[in-house]
Amino acid sequence: MGHHGQMHAQPGVGTCPDAPAEVGAGLDTEESVSPASDPDGSHDPQRGYLPATSFRSRRSTLSGGQRETWDRRWPAIGLSDIPRRFEPLDTRAWFGRQAPLVLEIGCGSGTSTLAMARDEPEIDVIAVEVYKRGLAQLLCAIDREQVSNIRLIRGNGIDVLQHLIAPASLTGFRLYFPDPWPKARHHKRRFLQPATVGLIADRLLPGGVLHAATDHPGYAEQMAEVGDAEPRLCRVEPGSGLPISTERPTTKYELKAQEAGHSVSEFIWKRR
C-alpha cells in the first residue's frame, strides 16, 4: 500500500482556493466479478465512459478462523452481491451514526485501511475489494482490534461508486496502488479514466479529497493528467487543511516496490 513519508511532487501542481492458517480448510473459488450489465457498451472509455474492468478468477484458502469470523461478522458489516436494483446506501443506518464518509477502492488485505480508520475514529470508511481472501484478512483484523468504523463491500468499484454512493456524500476517496495494466492495449482498463475521475468528483463534497498513489511511472503520468484535467478538482499538498488524513502506513507491498527501485507517486486533489 503506502508510505506516508515519501511524497513526490508532480509537475503542474496547482493551487486551490481555501475552501496461523489451517491447511486445506475453506478452499474457495474467487468467481470473476464484472460491472453491471452494459449492453450498449457505455462503459467504453474510448467514448468517454467508465472503464469495463474485469477480474480474473482466483483460488484462495481461508483458514477455519477466517471462515468463522466471516460467518459471524460479515452479515452486519459486509455487503456482497450488489443488487441489480441500485439505490444509494443508507450509510447512517449501516454505521449507526452520521459521520464524514471515506470510500476506498481496492483495499487488498486492508493494512492501510485498518490503520487509517483506527487513527481517525471520527470518520467512517467503506472499503471495497473483489477478492474474498483479502476481505477475510481485514475482517479478522477488524474483529480482533474491535474497530467499529469500517464497512466492507465485495464487488466492482465502478458499480459501487456509480450506484451505491450518493452525489456529494464523500469526504474522501482513496485509491492506493491500483492495477497498472502496463500493456498499452490494456490501458483502457485502468481505474482512473477521465469519466471515473468525473464520477469521483461528483460524489465528493465541496472540500472533499481524492487521494491516489502508484509505483508505476506510466500510470502516475496518466493519474496526473486525468486528475488535473477535471475542472472540479484542484491539486493540493498534504496537510493543507484537509478534512481527512493522507498519511499511510508503509505496507509489505510498498517495501517490495521500494526494494525493486520503484518510487511512489502520490496525488491529492480537493473538490472545489
# chains A, B, ... in the order shown; residues from 1 in each chain; ligands from 1

$ residues_around --residues "A:Gln146" --least-positions-apart "3" --cutoff "12 Å" --atoms "only C-alpha atoms" --output "PyMOL selection string"
chain A and resi 73+114+117-118+121+138-143+149-150

$ write_last_selection --atoms "N, CA, C and O atoms" --output "PDB file, in the first residue's frame"
ATOM      1  N   ARG A  73     -19.326 -12.163  11.390  1.00  0.00           N
ATOM      2  CA  ARG A  73     -19.288 -10.698  11.290  1.00  0.00           C
ATOM      3  C   ARG A  73     -19.781 -10.129   9.965  1.00  0.00           C
ATOM      4  O   ARG A  73     -20.279  -9.009   9.919  1.00  0.00           O
ATOM      5  N   LEU A 114      -7.182  -0.395   7.774  1.00  0.00           N
ATOM      6  CA  LEU A 114      -7.330  -0.570   9.219  1.00  0.00           C
ATOM      7  C   LEU A 114      -6.565   0.491   9.985  1.00  0.00           C
ATOM      8  O   LEU A 114      -7.109   1.121  10.912  1.00  0.00           O
ATOM      9  N   ALA A 117      -8.228   4.000   9.573  1.00  0.00           N
ATOM     10  CA  ALA A 117      -9.520   4.077  10.262  1.00  0.00           C
ATOM     11  C   ALA A 117      -9.335   4.092  11.772  1.00  0.00           C
ATOM     12  O   ALA A 117     -10.049   4.800  12.493  1.00  0.00           O
ATOM     13  N   ARG A 118      -8.369   3.345  12.241  1.00  0.00           N
ATOM     14  CA  ARG A 118      -8.091   3.313  13.678  1.00  0.00           C
ATOM     15  C   ARG A 118      -7.584   4.675  14.163  1.00  0.00           C
ATOM     16  O   ARG A 118      -7.912   5.120  15.266  1.00  0.00           O
ATOM     17  N   PRO A 121     -11.037   7.701  14.289  1.00  0.00           N
ATOM     18  CA  PRO A 121     -12.287   7.050  14.709  1.00  0.00           C
ATOM     19  C   PRO A 121     -13.527   7.893  14.423  1.00  0.00           C
ATOM     20  O   PRO A 121     -14.636   7.356  14.419  1.00  0.00           O
ATOM     21  N   LEU A 138      -8.895  -8.650   6.409  1.00  0.00           N
ATOM     22  CA  LEU A 138      -9.277  -7.372   7.010  1.00  0.00           C
ATOM     23  C   LEU A 138     -10.376  -7.565   8.035  1.00  0.00           C
ATOM     24  O   LEU A 138     -10.346  -6.963   9.119  1.00  0.00           O
ATOM     25  N   LEU A 139     -11.335  -8.405   7.722  1.00  0.00           N
ATOM     26  CA  LEU A 139     -12.440  -8.646   8.645  1.00  0.00           C
ATOM     27  C   LEU A 139     -11.931  -9.222   9.970  1.00  0.00           C
ATOM     28  O   LEU A 139     -12.391  -8.827  11.052  1.00  0.00           O
ATOM     29  N   CYS A 140     -10.972 -10.140   9.897  1.00  0.00           N
ATOM     30  CA  CYS A 140     -10.405 -10.708  11.124  1.00  0.00           C
ATOM     31  C   CYS A 140      -9.668  -9.647  11.932  1.00  0.00           C
ATOM     32  O   CYS A 140      -9.751  -9.627  13.169  1.00  0.00           O
ATOM     33  N   ALA A 141      -8.968  -8.743  11.254  1.00  0.00           N
ATOM     34  CA  ALA A 141      -8.267  -7.678  11.961  1.00  0.00           C
ATOM     35  C   ALA A 141      -9.249  -6.708  12.607  1.00  0.00           C
ATOM     36  O   ALA A 141      -9.039  -6.256  13.743  1.00  0.00           O
ATOM     37  N   ILE A 142     -10.327  -6.401  11.911  1.00  0.00           N
ATOM     38  CA  ILE A 142     -11.371  -5.545  12.479  1.00  0.00           C
ATOM     39  C   ILE A 142     -11.940  -6.176  13.734  1.00  0.00           C
ATOM     40  O   ILE A 142     -12.141  -5.520  14.765  1.00  0.00           O
ATOM     41  N   ASP A 143     -12.206  -7.484  13.667  1.00  0.00           N
ATOM     42  CA  ASP A 143     -12.768  -8.204  14.802  1.00  0.00           C
ATOM     43  C   ASP A 143     -11.782  -8.269  15.965  1.00  0.00           C
ATOM     44  O   ASP A 143     -12.143  -8.044  17.125  1.00  0.00           O
ATOM     45  N   ASN A 149     -15.482   1.493  12.831  1.00  0.00           N
ATOM     46  CA  ASN A 149     -15.836   2.486  11.801  1.00  0.00           C
ATOM     47  C   ASN A 149     -15.450   2.050  10.393  1.00  0.00           C
ATOM     48  O   ASN A 149     -15.184   2.886   9.529  1.00  0.00           O
ATOM     49  N   ILE A 150     -15.434   0.728  10.132  1.00  0.00           N
ATOM     50  CA  ILE A 150     -15.178   0.208   8.784  1.00  0.00           C
ATOM     51  C   ILE A 150     -16.324  -0.694   8.363  1.00  0.00           C
ATOM     52  O   ILE A 150     -16.786  -1.523   9.133  1.00  0.00           O
TER      53      ILE A 150
END

$ closest_residue --among "A:Leu175, A:Val264, A:Ala168, A:Leu192" --to "A:Pro217" --atoms "only C-alpha atoms"
A:Val264

$ residues_around --residues "A:Gly106" --least-positions-apart "6" --cutoff "9 Å" --atoms "only C-alpha atoms" --output "ChimeraX atom specification"
/A:127-130,157,174-178

$ select_by_dssp --residues "stretch 55-224 of chain A" --states "alpha helix (DSSP H)" --output "VMD selection string"
chain A and resid 64 to 77 91 to 95 111 to 119 132 to 145 157 to 159 194 to 203 217 to 224

$ closest_residue --among "A:His186, A:Gly218, A:Ala195, A:Leu164" --to "A:Asp90" --atoms "only C-alpha atoms"
A:Leu164

$ closest_residue --among "A:Val236, A:Leu89, A:Ile244, A:Val197" --to "A:Lys270" --atoms "only C-alpha atoms"
A:Val236

$ atom_distance --atom1 "atom CA of A:Glu266" --atom2 "atom CA of A:Val125"
20.1 Å

$ closest_residue --among "A:Gln193, A:Thr251, A:Ser169, A:Thr69" --to "A:Cys107" --atoms "only C-alpha atoms"
A:Thr251

$ residues_around --residues "A:His216" --least-positions-apart "4" --cutoff "10 Å" --atoms "only C-alpha atoms" --output "number ranges by chain"
A: 177-182, 220-221, 257, 262-265

$ atom_distance --atom1 "atom CA of A:Thr171" --atom2 "atom CA of A:Glu122"
12.0 Å

$ atom_distance --atom1 "atom CA of A:Thr196" --atom2 "atom CA of A:Thr214"
16.7 Å

$ select_by_dssp --residues "stretch 122-261 of chain A" --states "strand (DSSP E)" --output "mmCIF file with C-alpha atoms, in the first residue's frame"
data_model
loop_
_atom_site.group_PDB
_atom_site.id
_atom_site.type_symbol
_atom_site.label_atom_id
_atom_site.label_comp_id
_atom_site.auth_asym_id
_atom_site.auth_seq_id
_atom_site.Cartn_x
_atom_site.Cartn_y
_atom_site.Cartn_z
ATOM 1 C CA ASP A 124 -16.494 6.187 8.632
ATOM 2 C CA VAL A 125 -14.758 4.090 5.971
ATOM 3 C CA ILE A 126 -16.263 1.856 3.282
ATOM 4 C CA ALA A 127 -13.608 -0.452 1.817
ATOM 5 C CA VAL A 128 -14.245 -2.215 -1.498
ATOM 6 C CA GLU A 129 -12.399 -5.294 -2.735
ATOM 7 C CA ILE A 150 -15.178 0.208 8.784
ATOM 8 C CA ARG A 151 -17.720 -1.428 6.499
ATOM 9 C CA LEU A 152 -16.832 -3.773 3.640
ATOM 10 C CA ILE A 153 -18.183 -4.353 0.147
ATOM 11 C CA ARG A 154 -17.207 -7.266 -2.057
ATOM 12 C CA LEU A 170 -17.991 11.582 0.334
ATOM 13 C CA THR A 171 -15.446 13.457 2.398
ATOM 14 C CA GLY A 172 -12.695 11.352 0.863
ATOM 15 C CA PHE A 173 -11.897 8.821 -1.850
ATOM 16 C CA ARG A 174 -8.788 6.623 -1.650
ATOM 17 C CA LEU A 175 -7.140 4.579 -4.399
ATOM 18 C CA TYR A 176 -3.794 3.070 -3.440
ATOM 19 C CA LEU A 204 -17.206 14.281 -3.261
ATOM 20 C CA LEU A 205 -18.485 17.037 -1.053
ATOM 21 C CA PRO A 206 -17.013 20.505 -1.639
ATOM 22 C CA GLY A 207 -13.609 20.358 0.025
ATOM 23 C CA GLY A 208 -13.566 16.554 -0.214
ATOM 24 C CA VAL A 209 -10.320 14.782 -1.073
ATOM 25 C CA LEU A 210 -9.245 12.362 -3.786
ATOM 26 C CA HIS A 211 -6.008 10.641 -2.701
ATOM 27 C CA ALA A 212 -4.262 8.248 -5.098
ATOM 28 C CA ALA A 213 -0.881 6.526 -5.114
ATOM 29 C CA THR A 214 1.012 4.323 -7.560
ATOM 30 C CA LEU A 233 -10.708 19.284 -8.669
ATOM 31 C CA CYS A 234 -7.518 21.122 -7.802
ATOM 32 C CA ARG A 235 -4.183 19.667 -6.724
#

$ decode --residues "stretch 182-215 of chain A" --atoms "N, CA, C and O atoms" --output "PDB file, in the first residue's frame"
ATOM      1  N   PRO A 182      -0.041  -2.600 -17.347  1.00  0.00           N
ATOM      2  CA  PRO A 182       1.092  -1.949 -18.015  1.00  0.00           C
ATOM      3  C   PRO A 182       1.100  -2.018 -19.535  1.00  0.00           C
ATOM      4  O   PRO A 182       1.662  -1.131 -20.176  1.00  0.00           O
ATOM      5  N   LYS A 183       0.482  -3.059 -20.126  1.00  0.00           N
ATOM      6  CA  LYS A 183       0.490  -3.144 -21.589  1.00  0.00           C
ATOM      7  C   LYS A 183      -0.393  -2.057 -22.184  1.00  0.00           C
ATOM      8  O   LYS A 183      -1.479  -1.786 -21.695  1.00  0.00           O
ATOM      9  N   ALA A 184       0.081  -1.458 -23.256  1.00  0.00           N
ATOM     10  CA  ALA A 184      -0.633  -0.334 -23.856  1.00  0.00           C
ATOM     11  C   ALA A 184      -2.072  -0.683 -24.220  1.00  0.00           C
ATOM     12  O   ALA A 184      -2.987   0.122 -24.032  1.00  0.00           O
ATOM     13  N   ARG A 185      -2.282  -1.897 -24.728  1.00  0.00           N
ATOM     14  CA  ARG A 185      -3.638  -2.265 -25.145  1.00  0.00           C
ATOM     15  C   ARG A 185      -4.581  -2.445 -23.962  1.00  0.00           C
ATOM     16  O   ARG A 185      -5.793  -2.555 -24.136  1.00  0.00           O
ATOM     17  N   HIS A 186      -4.022  -2.506 -22.736  1.00  0.00           N
ATOM     18  CA  HIS A 186      -4.843  -2.663 -21.538  1.00  0.00           C
ATOM     19  C   HIS A 186      -5.024  -1.362 -20.761  1.00  0.00           C
ATOM     20  O   HIS A 186      -5.687  -1.361 -19.730  1.00  0.00           O
ATOM     21  N   HIS A 187      -4.446  -0.270 -21.234  1.00  0.00           N
ATOM     22  CA  HIS A 187      -4.557   0.993 -20.501  1.00  0.00           C
ATOM     23  C   HIS A 187      -6.012   1.400 -20.281  1.00  0.00           C
ATOM     24  O   HIS A 187      -6.334   2.073 -19.303  1.00  0.00           O
ATOM     25  N   LYS A 188      -6.887   1.002 -21.186  1.00  0.00           N
ATOM     26  CA  LYS A 188      -8.295   1.353 -21.041  1.00  0.00           C
ATOM     27  C   LYS A 188      -8.929   0.693 -19.833  1.00  0.00           C
ATOM     28  O   LYS A 188     -10.024   1.087 -19.415  1.00  0.00           O
ATOM     29  N   ARG A 189      -8.250  -0.326 -19.263  1.00  0.00           N
ATOM     30  CA  ARG A 189      -8.786  -0.991 -18.073  1.00  0.00           C
ATOM     31  C   ARG A 189      -8.385  -0.287 -16.779  1.00  0.00           C
ATOM     32  O   ARG A 189      -8.886  -0.643 -15.710  1.00  0.00           O
ATOM     33  N   ARG A 190      -7.480   0.652 -16.856  1.00  0.00           N
ATOM     34  CA  ARG A 190      -7.072   1.358 -15.643  1.00  0.00           C
ATOM     35  C   ARG A 190      -8.261   2.062 -15.012  1.00  0.00           C
ATOM     36  O   ARG A 190      -9.129   2.600 -15.705  1.00  0.00           O
ATOM     37  N   PHE A 191      -8.259   2.070 -13.685  1.00  0.00           N
ATOM     38  CA  PHE A 191      -9.421   2.609 -12.986  1.00  0.00           C
ATOM     39  C   PHE A 191      -9.588   4.105 -13.217  1.00  0.00           C
ATOM     40  O   PHE A 191     -10.694   4.592 -13.462  1.00  0.00           O
ATOM     41  N   LEU A 192      -8.492   4.842 -13.120  1.00  0.00           N
ATOM     42  CA  LEU A 192      -8.605   6.291 -13.255  1.00  0.00           C
ATOM     43  C   LEU A 192      -8.590   6.701 -14.721  1.00  0.00           C
ATOM     44  O   LEU A 192      -7.548   6.867 -15.343  1.00  0.00           O
ATOM     45  N   GLN A 193      -9.784   6.846 -15.261  1.00  0.00           N
ATOM     46  CA  GLN A 193     -10.040   7.391 -16.582  1.00  0.00           C
ATOM     47  C   GLN A 193     -10.742   8.745 -16.393  1.00  0.00           C
ATOM     48  O   GLN A 193     -11.248   9.038 -15.309  1.00  0.00           O
ATOM     49  N   PRO A 194     -10.789   9.573 -17.405  1.00  0.00           N
ATOM     50  CA  PRO A 194     -11.467  10.861 -17.238  1.00  0.00           C
ATOM     51  C   PRO A 194     -12.884  10.746 -16.685  1.00  0.00           C
ATOM     52  O   PRO A 194     -13.277  11.516 -15.801  1.00  0.00           O
ATOM     53  N   ALA A 195     -13.656   9.779 -17.197  1.00  0.00           N
ATOM     54  CA  ALA A 195     -15.035   9.655 -16.725  1.00  0.00           C
ATOM     55  C   ALA A 195     -15.094   9.207 -15.273  1.00  0.00           C
ATOM     56  O   ALA A 195     -15.984   9.627 -14.522  1.00  0.00           O
ATOM     57  N   THR A 196     -14.152   8.340 -14.870  1.00  0.00           N
ATOM     58  CA  THR A 196     -14.143   7.891 -13.483  1.00  0.00           C
ATOM     59  C   THR A 196     -13.787   9.026 -12.544  1.00  0.00           C
ATOM     60  O   THR A 196     -14.390   9.185 -11.481  1.00  0.00           O
ATOM     61  N   VAL A 197     -12.805   9.821 -12.933  1.00  0.00           N
ATOM     62  CA  VAL A 197     -12.438  10.973 -12.110  1.00  0.00           C
ATOM     63  C   VAL A 197     -13.613  11.942 -11.999  1.00  0.00           C
ATOM     64  O   VAL A 197     -13.884  12.498 -10.933  1.00  0.00           O
ATOM     65  N   GLY A 198     -14.329  12.120 -13.090  1.00  0.00           N
ATOM     66  CA  GLY A 198     -15.511  12.968 -13.043  1.00  0.00           C
ATOM     67  C   GLY A 198     -16.563  12.421 -12.100  1.00  0.00           C
ATOM     68  O   GLY A 198     -17.226  13.174 -11.382  1.00  0.00           O
ATOM     69  N   LEU A 199     -16.739  11.114 -12.100  1.00  0.00           N
ATOM     70  CA  LEU A 199     -17.704  10.479 -11.200  1.00  0.00           C
ATOM     71  C   LEU A 199     -17.273  10.644  -9.748  1.00  0.00           C
ATOM     72  O   LEU A 199     -18.100  10.929  -8.873  1.00  0.00           O
ATOM     73  N   ILE A 200     -15.984  10.481  -9.478  1.00  0.00           N
ATOM     74  CA  ILE A 200     -15.471  10.693  -8.123  1.00  0.00           C
ATOM     75  C   ILE A 200     -15.729  12.129  -7.692  1.00  0.00           C
ATOM     76  O   ILE A 200     -16.186  12.388  -6.573  1.00  0.00           O
ATOM     77  N   ALA A 201     -15.428  13.081  -8.567  1.00  0.00           N
ATOM     78  CA  ALA A 201     -15.656  14.491  -8.231  1.00  0.00           C
ATOM     79  C   ALA A 201     -17.119  14.752  -7.900  1.00  0.00           C
ATOM     80  O   ALA A 201     -17.436  15.523  -6.988  1.00  0.00           O
ATOM     81  N   ASP A 202     -18.016  14.099  -8.635  1.00  0.00           N
ATOM     82  CA  ASP A 202     -19.443  14.263  -8.377  1.00  0.00           C
ATOM     83  C   ASP A 202     -19.835  13.727  -7.014  1.00  0.00           C
ATOM     84  O   ASP A 202     -20.727  14.265  -6.353  1.00  0.00           O
ATOM     85  N   ARG A 203     -19.171  12.656  -6.573  1.00  0.00           N
ATOM     86  CA  ARG A 203     -19.519  12.040  -5.285  1.00  0.00           C
ATOM     87  C   ARG A 203     -18.880  12.738  -4.102  1.00  0.00           C
ATOM     88  O   ARG A 203     -19.278  12.526  -2.961  1.00  0.00           O
ATOM     89  N   LEU A 204     -17.867  13.565  -4.350  1.00  0.00           N
ATOM     90  CA  LEU A 204     -17.206  14.281  -3.261  1.00  0.00           C
ATOM     91  C   LEU A 204     -17.993  15.515  -2.844  1.00  0.00           C
ATOM     92  O   LEU A 204     -18.569  16.218  -3.679  1.00  0.00           O
ATOM     93  N   LEU A 205     -17.983  15.776  -1.566  1.00  0.00           N
ATOM     94  CA  LEU A 205     -18.485  17.037  -1.053  1.00  0.00           C
ATOM     95  C   LEU A 205     -17.520  18.159  -1.433  1.00  0.00           C
ATOM     96  O   LEU A 205     -16.331  17.909  -1.661  1.00  0.00           O
ATOM     97  N   PRO A 206     -17.967  19.400  -1.489  1.00  0.00           N
ATOM     98  CA  PRO A 206     -17.013  20.505  -1.639  1.00  0.00           C
ATOM     99  C   PRO A 206     -15.953  20.450  -0.541  1.00  0.00           C
ATOM    100  O   PRO A 206     -16.279  20.299   0.632  1.00  0.00           O
ATOM    101  N   GLY A 207     -14.703  20.502  -0.926  1.00  0.00           N
ATOM    102  CA  GLY A 207     -13.609  20.358   0.025  1.00  0.00           C
ATOM    103  C   GLY A 207     -13.169  18.928   0.234  1.00  0.00           C
ATOM    104  O   GLY A 207     -12.180  18.678   0.920  1.00  0.00           O
ATOM    105  N   GLY A 208     -13.920  17.958  -0.337  1.00  0.00           N
ATOM    106  CA  GLY A 208     -13.566  16.554  -0.214  1.00  0.00           C
ATOM    107  C   GLY A 208     -12.289  16.222  -0.974  1.00  0.00           C
ATOM    108  O   GLY A 208     -11.878  16.952  -1.885  1.00  0.00           O
ATOM    109  N   VAL A 209     -11.665  15.117  -0.600  1.00  0.00           N
ATOM    110  CA  VAL A 209     -10.320  14.782  -1.073  1.00  0.00           C
ATOM    111  C   VAL A 209     -10.291  13.501  -1.892  1.00  0.00           C
ATOM    112  O   VAL A 209     -10.887  12.486  -1.508  1.00  0.00           O
ATOM    113  N   LEU A 210      -9.604  13.545  -3.016  1.00  0.00           N
ATOM    114  CA  LEU A 210      -9.245  12.362  -3.786  1.00  0.00           C
ATOM    115  C   LEU A 210      -7.757  12.122  -3.574  1.00  0.00           C
ATOM    116  O   LEU A 210      -6.925  12.980  -3.911  1.00  0.00           O
ATOM    117  N   HIS A 211      -7.401  10.985  -2.993  1.00  0.00           N
ATOM    118  CA  HIS A 211      -6.008  10.641  -2.701  1.00  0.00           C
ATOM    119  C   HIS A 211      -5.656   9.354  -3.425  1.00  0.00           C
ATOM    120  O   HIS A 211      -6.299   8.322  -3.201  1.00  0.00           O
ATOM    121  N   ALA A 212      -4.668   9.408  -4.307  1.00  0.00           N
ATOM    122  CA  ALA A 212      -4.262   8.248  -5.098  1.00  0.00           C
ATOM    123  C   ALA A 212      -2.755   8.070  -5.016  1.00  0.00           C
ATOM    124  O   ALA A 212      -2.004   9.041  -4.858  1.00  0.00           O
ATOM    125  N   ALA A 213      -2.309   6.826  -5.131  1.00  0.00           N
ATOM    126  CA  ALA A 213      -0.881   6.526  -5.114  1.00  0.00           C
ATOM    127  C   ALA A 213      -0.589   5.354  -6.039  1.00  0.00           C
ATOM    128  O   ALA A 213      -1.401   4.438  -6.185  1.00  0.00           O
ATOM    129  N   THR A 214       0.581   5.405  -6.676  1.00  0.00           N
ATOM    130  CA  THR A 214       1.012   4.323  -7.560  1.00  0.00           C
ATOM    131  C   THR A 214       2.531   4.263  -7.576  1.00  0.00           C
ATOM    132  O   THR A 214       3.202   5.279  -7.369  1.00  0.00           O
ATOM    133  N   ASP A 215       3.074   3.069  -7.850  1.00  0.00           N
ATOM    134  CA  ASP A 215       4.519   2.939  -8.032  1.00  0.00           C
ATOM    135  C   ASP A 215       4.856   2.657  -9.493  1.00  0.00           C
ATOM    136  O   ASP A 215       5.983   2.297  -9.815  1.00  0.00           O
TER     137      ASP A 215
END
